[in-house]
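File shown: entry-v6.cif (mmCIF, C-alpha atoms and all ligand atoms).
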```cif
data_model
loop_
_atom_site.label_atom_id
_atom_site.label_comp_id
_atom_site.auth_asym_id
_atom_site.auth_seq_id
_atom_site.Cartn_x
_atom_site.Cartn_y
_atom_site.Cartn_z
CA MET A 23 58.04 101.96 96.00
CA ARG A 24 59.81 102.17 99.35
CA ILE A 25 62.16 99.42 100.50
CA ILE A 26 64.08 98.83 103.74
CA LEU A 27 67.27 96.73 103.62
CA LEU A 28 67.99 95.12 106.98
CA GLY A 29 70.93 92.92 107.87
CA PRO A 30 74.17 92.87 109.81
CA PRO A 31 77.19 94.97 108.82
CA GLY A 32 78.71 93.52 105.66
CA ALA A 33 75.61 91.58 104.60
CA GLY A 34 75.61 93.56 101.36
CA LYS A 35 72.99 96.27 102.04
CA GLY A 36 75.01 98.99 100.30
CA THR A 37 75.99 96.75 97.38
CA GLN A 38 72.37 95.75 96.78
CA ALA A 39 70.98 99.25 97.36
CA ILE A 40 73.22 100.75 94.67
CA LYS A 41 72.26 98.06 92.13
CA LEU A 42 68.56 98.20 93.09
CA SER A 43 68.38 101.97 92.81
CA GLN A 44 69.71 101.70 89.24
CA ARG A 45 67.40 98.79 88.36
CA LEU A 46 64.20 100.17 89.92
CA GLY A 47 64.83 103.92 89.66
CA LEU A 48 64.67 104.47 93.42
CA ILE A 49 66.74 106.86 95.54
CA HIS A 50 69.35 105.18 97.74
CA ILE A 51 69.40 106.61 101.27
CA SER A 52 72.26 105.31 103.42
CA THR A 53 72.48 106.85 106.87
CA GLY A 54 76.05 105.52 107.11
CA ASP A 55 77.03 107.39 103.91
CA LEU A 56 75.28 110.57 105.07
CA LEU A 57 77.12 110.41 108.39
CA ARG A 58 80.48 109.70 106.71
CA GLN A 59 79.95 112.71 104.39
CA ASN A 60 79.50 114.88 107.48
CA VAL A 61 82.65 113.43 109.06
CA ALA A 62 84.66 114.04 105.86
CA LYS A 63 83.42 117.64 105.62
CA GLN A 64 84.11 118.15 109.34
CA THR A 65 80.66 119.62 109.96
CA GLU A 66 79.46 120.11 113.55
CA LEU A 67 77.40 116.92 113.19
CA GLY A 68 80.40 115.12 111.71
CA LYS A 69 82.56 116.07 114.69
CA GLU A 70 79.84 114.84 117.04
CA VAL A 71 79.35 111.44 115.38
CA LYS A 72 82.91 110.50 114.40
CA ASP A 73 83.85 108.85 117.67
CA TYR A 74 80.67 106.72 117.82
CA MET A 75 81.30 105.47 114.29
CA ASN A 76 84.97 104.70 114.82
CA ARG A 77 84.05 102.69 117.94
CA GLY A 78 81.40 100.74 116.01
CA ALA A 79 78.63 102.11 118.26
CA LEU A 80 75.30 103.49 117.09
CA VAL A 81 75.10 107.25 116.67
CA PRO A 82 72.41 108.73 119.00
CA ASP A 83 68.91 108.37 117.55
CA GLU A 84 68.09 112.10 117.47
CA LEU A 85 71.18 112.93 115.38
CA VAL A 86 70.45 110.22 112.82
CA ALA A 87 66.75 111.18 112.72
CA LYS A 88 67.79 114.73 111.83
CA ILE A 89 69.87 113.71 108.81
CA LEU A 90 67.26 111.18 107.70
CA MET A 91 64.52 113.84 107.80
CA GLN A 92 66.67 116.26 105.79
CA ARG A 93 67.25 113.64 103.10
CA ILE A 94 63.78 112.14 102.98
CA ASN A 95 62.21 115.58 102.66
CA GLN A 96 64.02 116.25 99.38
CA ALA A 97 61.78 116.17 96.31
CA ASP A 98 63.59 113.33 94.52
CA THR A 99 62.42 110.78 97.15
CA LEU A 100 58.86 111.13 95.81
CA GLN A 101 59.86 108.59 93.13
CA GLY A 102 60.50 106.06 95.93
CA PHE A 103 63.55 105.11 97.97
CA ILE A 104 65.65 102.36 99.49
CA LEU A 105 66.66 102.74 103.11
CA ASP A 106 70.07 101.21 103.85
CA GLY A 107 71.10 101.30 107.52
CA TYR A 108 67.92 102.85 108.91
CA PRO A 109 66.13 101.93 111.11
CA ARG A 110 68.56 100.26 113.49
CA ASN A 111 66.45 99.91 116.64
CA LEU A 112 62.77 100.02 117.62
CA LYS A 113 62.90 103.72 118.47
CA GLN A 114 64.16 104.48 114.94
CA ALA A 115 61.47 102.24 113.43
CA GLU A 116 58.85 104.32 115.26
CA THR A 117 60.47 107.57 114.14
CA LEU A 118 60.36 106.33 110.56
CA GLU A 119 56.68 105.41 110.89
CA ASN A 120 55.92 108.93 112.10
CA ILE A 121 57.83 110.53 109.23
CA LEU A 122 56.03 108.35 106.67
CA ARG A 123 52.62 108.86 108.29
CA GLN A 124 53.04 112.63 107.97
CA ARG A 125 53.62 112.12 104.24
CA ASN A 126 50.83 109.56 103.91
CA ILE A 127 53.14 106.87 102.54
CA ASN A 128 54.17 103.37 103.63
CA ILE A 129 57.06 100.95 103.41
CA ASP A 130 56.26 98.33 100.74
CA LEU A 131 59.00 95.77 101.22
CA VAL A 132 61.54 94.86 103.92
CA ILE A 133 64.47 92.63 102.98
CA ASP A 134 66.51 90.95 105.69
CA LEU A 135 69.91 89.97 104.30
CA ASP A 136 71.20 87.10 106.38
CA SER A 137 74.86 86.14 106.70
CA SER A 138 77.23 84.45 109.15
CA GLU A 139 79.88 86.12 111.32
CA SER A 140 82.81 84.45 109.55
CA VAL A 141 81.60 85.59 106.11
CA ILE A 142 81.02 89.11 107.40
CA VAL A 143 84.44 89.48 109.00
CA GLN A 144 86.12 88.23 105.79
CA ARG A 145 84.05 90.65 103.68
CA LEU A 146 84.52 93.77 105.75
CA THR A 147 88.21 93.42 106.48
CA GLY A 148 88.74 93.18 102.68
CA ARG A 149 86.24 95.83 101.60
CA LEU A 150 87.26 98.78 99.44
CA VAL A 151 84.93 101.75 98.95
CA CYS A 152 85.00 104.45 96.27
CA LYS A 153 85.55 107.92 97.73
CA SER A 154 83.52 109.51 94.93
CA CYS A 155 80.49 107.32 94.22
CA GLY A 156 80.40 104.94 97.23
CA MET A 157 80.61 101.77 95.09
CA ASN A 158 81.86 98.73 97.06
CA PHE A 159 84.57 96.32 96.04
CA HIS A 160 86.41 93.54 97.82
CA ILE A 161 90.12 92.76 97.60
CA LYS A 162 89.38 89.09 96.73
CA ASN A 163 85.60 88.61 96.14
CA MET A 164 85.02 91.62 93.88
CA PRO A 165 88.34 93.23 92.98
CA PRO A 166 88.33 96.40 90.90
CA LYS A 167 89.64 96.06 87.33
CA THR A 168 92.50 98.45 88.20
CA GLN A 169 93.97 98.32 91.70
CA GLY A 170 92.83 101.26 93.85
CA VAL A 171 90.53 102.70 91.14
CA CYS A 172 86.72 102.54 90.96
CA ASP A 173 85.41 100.67 87.87
CA ARG A 174 82.36 102.91 87.70
CA CYS A 175 83.66 106.48 88.13
CA LYS A 176 87.48 106.10 88.33
CA GLY A 177 87.38 107.49 91.89
CA GLU A 178 89.95 106.54 94.53
CA LEU A 179 89.26 103.41 96.63
CA TYR A 180 89.86 103.39 100.39
CA GLN A 181 89.31 101.20 103.48
CA ARG A 182 86.80 102.43 106.04
CA ASP A 183 88.11 103.29 109.53
CA ASP A 184 85.50 100.99 111.12
CA ASP A 185 86.49 97.94 109.03
CA LYS A 186 89.27 96.80 111.36
CA GLU A 187 88.49 93.29 112.65
CA GLU A 188 88.01 94.38 116.28
CA THR A 189 85.55 97.13 115.29
CA VAL A 190 83.71 94.81 112.90
CA ARG A 191 83.11 92.36 115.78
CA LYS A 192 81.88 95.24 117.96
CA ARG A 193 79.47 96.34 115.18
CA LEU A 194 78.17 92.77 114.94
CA ASP A 195 77.58 92.74 118.67
CA VAL A 196 75.66 96.03 118.43
CA TYR A 197 73.62 94.58 115.57
CA ARG A 198 72.66 91.50 117.62
CA LYS A 199 71.77 93.55 120.71
CA GLU A 200 70.01 96.52 119.12
CA THR A 201 69.01 95.89 115.52
CA SER A 202 68.05 92.22 115.20
CA SER A 203 64.81 92.83 117.15
CA LEU A 204 63.56 94.68 114.05
CA ILE A 205 63.21 91.34 112.29
CA ASN A 206 60.21 90.40 114.45
CA TYR A 207 58.88 93.96 114.28
CA TYR A 208 58.73 93.85 110.47
CA LYS A 209 57.70 90.18 110.35
CA ALA A 210 54.51 91.26 112.07
CA THR A 211 53.76 93.64 109.18
CA GLY A 212 53.88 90.77 106.64
CA LYS A 213 56.34 92.76 104.51
CA LEU A 214 59.55 91.05 105.59
CA HIS A 215 61.44 88.59 103.37
CA ARG A 216 64.63 86.91 104.52
CA LEU A 217 67.26 86.13 101.88
CA SER A 218 70.67 84.52 102.17
CA ALA A 219 73.26 87.21 101.56
CA ASP A 220 75.98 84.63 100.91
CA ALA A 221 74.91 83.96 97.34
CA ASP A 222 76.38 85.75 94.33
CA PRO A 223 75.39 89.46 94.52
CA GLU A 224 73.66 89.30 91.12
CA LEU A 225 71.49 86.39 92.34
CA VAL A 226 70.59 88.29 95.53
CA LEU A 227 69.64 91.26 93.36
CA GLN A 228 67.42 89.13 91.12
CA GLN A 229 65.58 87.77 94.17
CA ILE A 230 64.92 91.27 95.51
CA VAL A 231 63.78 92.55 92.11
CA ALA A 232 61.38 89.57 91.80
CA LEU A 233 59.88 90.37 95.23
CA ALA A 234 59.55 94.05 94.28
CA LYS A 235 57.75 93.13 91.04
CA GLU A 236 55.29 90.92 92.95
CA ILE A 237 54.06 93.83 95.01
CA LYS A 238 54.05 96.47 92.24
P1 LIG B 1 76.79 101.71 107.78
O1 LIG B 1 77.59 102.46 106.81
O2 LIG B 1 75.31 101.63 107.59
O3 LIG B 1 77.45 100.30 107.96
P2 LIG B 1 76.84 98.85 108.30
O4 LIG B 1 75.38 98.74 108.53
O5 LIG B 1 77.70 98.37 109.37
O6 LIG B 1 76.93 98.14 106.96
P3 LIG B 1 78.12 98.13 105.99
O7 LIG B 1 78.10 99.35 105.13
O8 LIG B 1 79.41 97.85 106.71
O9 LIG B 1 77.81 96.80 105.17
P4 LIG B 1 76.75 96.51 104.05
O10 LIG B 1 75.70 95.60 104.58
O11 LIG B 1 76.30 97.77 103.38
O12 LIG B 1 77.67 95.64 103.08
P5 LIG B 1 78.38 96.07 101.73
O13 LIG B 1 77.40 96.11 100.63
O14 LIG B 1 79.25 97.26 101.94
O15 LIG B 1 76.99 102.32 109.26
C1 LIG B 1 78.29 102.66 109.72
C2 LIG B 1 78.17 103.30 111.08
O16 LIG B 1 77.37 104.50 110.99
C3 LIG B 1 77.47 102.47 112.17
O17 LIG B 1 78.35 101.57 112.80
C4 LIG B 1 76.95 103.58 113.09
O18 LIG B 1 77.99 104.08 113.90
C5 LIG B 1 76.54 104.67 112.13
N1 LIG B 1 75.14 104.56 111.71
C6 LIG B 1 74.66 104.36 110.45
N2 LIG B 1 73.33 104.32 110.42
C7 LIG B 1 72.93 104.50 111.72
C8 LIG B 1 71.66 104.53 112.35
N3 LIG B 1 70.53 104.35 111.65
N4 LIG B 1 71.62 104.72 113.69
C9 LIG B 1 72.76 104.89 114.41
N5 LIG B 1 73.99 104.86 113.88
C10 LIG B 1 74.08 104.66 112.53
O19 LIG B 1 79.31 94.77 101.48
C11 LIG B 1 80.40 94.50 102.32
C12 LIG B 1 81.54 93.87 101.49
O20 LIG B 1 81.11 92.59 101.00
C13 LIG B 1 81.93 94.67 100.24
O21 LIG B 1 83.32 94.54 100.05
C14 LIG B 1 81.17 93.99 99.10
O22 LIG B 1 81.85 94.13 97.89
C15 LIG B 1 81.12 92.54 99.58
N6 LIG B 1 79.90 91.84 99.19
C16 LIG B 1 78.63 92.34 99.24
N7 LIG B 1 77.74 91.41 98.85
C17 LIG B 1 78.47 90.29 98.56
C18 LIG B 1 78.12 88.96 98.12
N8 LIG B 1 76.82 88.62 97.90
N9 LIG B 1 79.10 88.06 97.96
C19 LIG B 1 80.40 88.41 98.19
N10 LIG B 1 80.80 89.64 98.60
C20 LIG B 1 79.85 90.56 98.79
#
```

Encoding of this model in structure tokens:
Amino acid sequence: MRIILLGPPGAGKGTQAIKLSQRLGLIHISTGDLLRQNVAKQTELGKEVKDYMNRGALVPDELVAKILMQRINQADTLQGFILDGYPRNLKQAETLENILRQRNINIDLVIDLDSSESVIVQRLTGRLVCKSCGMNFHIKNMPPKTQGVCDRCKGELYQRDDDKEETVRKRLDVYRKETSSLINYYKATGKLHRLSADADPELVLQQIVALAKEIK
């Protein structure tokens, strides 16, 4: 099965993708994580994309397509995958279609996680991320059992550079201008389901799992 998680920054795409990949045995592909790994390792690509990410802008399509291709072409994705953060505009949706067509596979389910600006700003400015496994926490909503330490792998928790309030609002603006048009694009395929992302994460997960089971 292949799933796309759509939704504004902070809607919970990463949180749900990690849980879903464990529940359904699918590979989690986050273009944001792949880009951040390149920034952390100071690769040539990382140096090129860092400024775009820190400004809350989209990284140029051709650079993201390159890292997506590299990841999607790995053998483990044959078991199915969850795309978190890709596509982000119509050009990327077309690129994805081409990649999938070459492999004779399709997207089965598209989930649009819907949330309001005030909820998103509160979530992102309080988010903590594990440096080792990428698990998300929140200072108030989902605090780790031990301050600064990941519950899952004991890795160190940190705040993302692009989670400052000003950058979060910029990212939301970019989402509205460039990404939200994908909702109609995928609605037309009949595969899109919109869910409120403001409910308890476990409830959101159950709803996605139920939709995935319906189409299995
Ligand atoms: P990316 O890393 O993809 O960030 P994003 O899309 O802005 O999404 P986030 O990771 O911020 O939020 P999320 O929806 O995953 O929410 P999360 O689960 O963490 O992209 C970063 C940057 O990389 C972009 O700005 C761009 O520059 C670049 N980039 C990436 N992909 C690109 C592409 N395809 N093209 C071009 N550029 C690209 O949850 C947020 C917080 O809320 C957490 O603290 C969590 O614990 C909490 N939370 C989650 N769910 C709930 C809930 N139900 N109730 C209460 N709290 C919750």

Please report, as JSON lines, each residue of chain A lying at most 7 Å from ligand LIG 1 (chain B), together with the nearest pair of atoms and the separation in Å rounded to one decimal; use only C-alpha atoms and all ligand atoms, and order rows by chain and ascending residue number.
```
{"residue": "A:Gly29", "atom": "CA", "partner": "B:LIG1", "partner_atom": "O10", "distance": 6.4}
{"residue": "A:Pro30", "atom": "CA", "partner": "B:LIG1", "partner_atom": "O10", "distance": 6.1}
{"residue": "A:Pro31", "atom": "CA", "partner": "B:LIG1", "partner_atom": "O5", "distance": 3.5}
{"residue": "A:Gly32", "atom": "CA", "partner": "B:LIG1", "partner_atom": "O9", "distance": 3.4}
{"residue": "A:Ala33", "atom": "CA", "partner": "B:LIG1", "partner_atom": "O10", "distance": 4.0}
{"residue": "A:Gly34", "atom": "CA", "partner": "B:LIG1", "partner_atom": "O13", "distance": 3.2}
{"residue": "A:Lys35", "atom": "CA", "partner": "B:LIG1", "partner_atom": "O10", "distance": 3.8}
{"residue": "A:Gly36", "atom": "CA", "partner": "B:LIG1", "partner_atom": "O11", "distance": 3.6}
{"residue": "A:Thr37", "atom": "CA", "partner": "B:LIG1", "partner_atom": "O13", "distance": 3.6}
{"residue": "A:Gln38", "atom": "CA", "partner": "B:LIG1", "partner_atom": "O13", "distance": 6.3}
{"residue": "A:Ser52", "atom": "CA", "partner": "B:LIG1", "partner_atom": "O2", "distance": 6.3}
{"residue": "A:Thr53", "atom": "CA", "partner": "B:LIG1", "partner_atom": "N2", "distance": 4.4}
{"residue": "A:Gly54", "atom": "CA", "partner": "B:LIG1", "partner_atom": "O1", "distance": 3.4}
{"residue": "A:Asp55", "atom": "CA", "partner": "B:LIG1", "partner_atom": "O1", "distance": 5.7}
{"residue": "A:Leu57", "atom": "CA", "partner": "B:LIG1", "partner_atom": "O16", "distance": 6.5}
{"residue": "A:Tyr74", "atom": "CA", "partner": "B:LIG1", "partner_atom": "O18", "distance": 5.4}
{"residue": "A:Met75", "atom": "CA", "partner": "B:LIG1", "partner_atom": "O18", "distance": 3.6}
{"residue": "A:Gly78", "atom": "CA", "partner": "B:LIG1", "partner_atom": "O17", "distance": 4.5}
{"residue": "A:Ala79", "atom": "CA", "partner": "B:LIG1", "partner_atom": "O18", "distance": 4.8}
{"residue": "A:Leu80", "atom": "CA", "partner": "B:LIG1", "partner_atom": "N5", "distance": 3.7}
{"residue": "A:Val81", "atom": "CA", "partner": "B:LIG1", "partner_atom": "N5", "distance": 3.8}
{"residue": "A:Pro82", "atom": "CA", "partner": "B:LIG1", "partner_atom": "C9", "distance": 6.0}
{"residue": "A:Asp83", "atom": "CA", "partner": "B:LIG1", "partner_atom": "N4", "distance": 6.0}
{"residue": "A:Val86", "atom": "CA", "partner": "B:LIG1", "partner_atom": "N4", "distance": 5.7}
{"residue": "A:Asp106", "atom": "CA", "partner": "B:LIG1", "partner_atom": "O2", "distance": 6.5}
{"residue": "A:Gly107", "atom": "CA", "partner": "B:LIG1", "partner_atom": "O2", "distance": 4.2}
{"residue": "A:Tyr108", "atom": "CA", "partner": "B:LIG1", "partner_atom": "N3", "distance": 4.1}
{"residue": "A:Pro109", "atom": "CA", "partner": "B:LIG1", "partner_atom": "N3", "distance": 5.1}
{"residue": "A:Arg110", "atom": "CA", "partner": "B:LIG1", "partner_atom": "N3", "distance": 4.9}
{"residue": "A:Arg145", "atom": "CA", "partner": "B:LIG1", "partner_atom": "O20", "distance": 4.4}
{"residue": "A:Leu146", "atom": "CA", "partner": "B:LIG1", "partner_atom": "C12", "distance": 5.2}
{"residue": "A:Gly148", "atom": "CA", "partner": "B:LIG1", "partner_atom": "O21", "distance": 6.2}
{"residue": "A:Arg149", "atom": "CA", "partner": "B:LIG1", "partner_atom": "O21", "distance": 3.5}
{"residue": "A:Leu150", "atom": "CA", "partner": "B:LIG1", "partner_atom": "O21", "distance": 5.8}
{"residue": "A:Asn158", "atom": "CA", "partner": "B:LIG1", "partner_atom": "O22", "distance": 4.7}
{"residue": "A:Phe159", "atom": "CA", "partner": "B:LIG1", "partner_atom": "O22", "distance": 4.0}
{"residue": "A:His160", "atom": "CA", "partner": "B:LIG1", "partner_atom": "O21", "distance": 3.9}
{"residue": "A:Asn163", "atom": "CA", "partner": "B:LIG1", "partner_atom": "N10", "distance": 5.5}
{"residue": "A:Met164", "atom": "CA", "partner": "B:LIG1", "partner_atom": "O22", "distance": 5.7}
{"residue": "A:Arg193", "atom": "CA", "partner": "B:LIG1", "partner_atom": "O17", "distance": 5.9}
{"residue": "A:Ala219", "atom": "CA", "partner": "B:LIG1", "partner_atom": "N8", "distance": 5.3}
{"residue": "A:Asp220", "atom": "CA", "partner": "B:LIG1", "partner_atom": "N8", "distance": 5.1}
{"residue": "A:Ala221", "atom": "CA", "partner": "B:LIG1", "partner_atom": "N8", "distance": 5.1}
{"residue": "A:Asp222", "atom": "CA", "partner": "B:LIG1", "partner_atom": "N8", "distance": 4.6}
{"residue": "A:Pro223", "atom": "CA", "partner": "B:LIG1", "partner_atom": "N8", "distance": 3.8}
{"residue": "A:Val226", "atom": "CA", "partner": "B:LIG1", "partner_atom": "N8", "distance": 6.7}
```

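For the pair CA of Ser203 (chain A) and CA of Ile94 (chain A), the interatomic distance is 24.0 Å.
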
Which residues of region 54-155 of chain A have any atom within 10 Å of an atom in region 212-215 of chain A when counting all atoms listed in the file, and what is the closest pair of atoms for each, with the distance in Å to one decimal? Order the rows by chain and rising number and write it as JSON lines.
```
{"residue": "A:Ile129", "atom": "CA", "partner": "A:Lys213", "partner_atom": "CA", "distance": 8.3}
{"residue": "A:Asp130", "atom": "CA", "partner": "A:Lys213", "partner_atom": "CA", "distance": 6.7}
{"residue": "A:Leu131", "atom": "CA", "partner": "A:Lys213", "partner_atom": "CA", "distance": 5.2}
{"residue": "A:Val132", "atom": "CA", "partner": "A:Leu214", "partner_atom": "CA", "distance": 4.6}
{"residue": "A:Ile133", "atom": "CA", "partner": "A:His215", "partner_atom": "CA", "distance": 5.1}
{"residue": "A:Asp134", "atom": "CA", "partner": "A:His215", "partner_atom": "CA", "distance": 6.1}
{"residue": "A:Leu135", "atom": "CA", "partner": "A:His215", "partner_atom": "CA", "distance": 8.6}
```

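Remark: for Asp183 (chain A), the closest of the candidate residues A:Leu100, A:Ala232, A:Val196, A:Val61 is A:Val61 (distances computed over all atoms listed in the file).
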
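In this model, the gap between CA of Leu56 (chain A) and CA of Arg182 (chain A) comes to 14.1 Å.
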
- Need the neighbours of (88.0, 102.9, 92.4): which residues are at most 12 Å away, counting only C-alpha atoms, as a VMD selection string? chain A and resid 149 to 161 164 to 181

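Neighbours of Asn111 (chain A) closer than or equal to 10 Å, with all atoms listed in the file counted and sequence neighbours fewer than 3 positions away skipped, come out as Leu80, Asp83, Tyr108, Gln114, Ala115, Glu116, Tyr197, Lys199, Glu200, Thr201, Ser202, Ser203, Leu204 and Tyr207 of chain A.
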
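CA of Gln229 (chain A) is positioned 23.6 Å from CA of Gln144 (chain A).
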
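Remark: for Asn76 (chain A), the closest of the candidate residues A:Leu105, A:Leu112, A:Ile26, A:Val190 is A:Val190 (distances computed over all atoms listed in the file).
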
- Query: With all atoms listed in the file as the basis for distance, which of A:Val231, A:Ile89, A:Ala39, A:Leu48 is at the shortest distance from Asn60 (chain A)?
  - Reply: A:Ile89

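Comparing the minimum interatomic distances between Gln101 (chain A) and each of A:Arg24, A:Lys113, A:Arg125, A:Lys88, counting only C-alpha atoms, we find that A:Arg24 sits nearest.
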
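In terms of minimum interatomic distance to Glu188 (chain A), A:Thr147 ranks closest within A:Asn128, A:Thr211, A:Ser140, A:Thr147, counting only C-alpha atoms.
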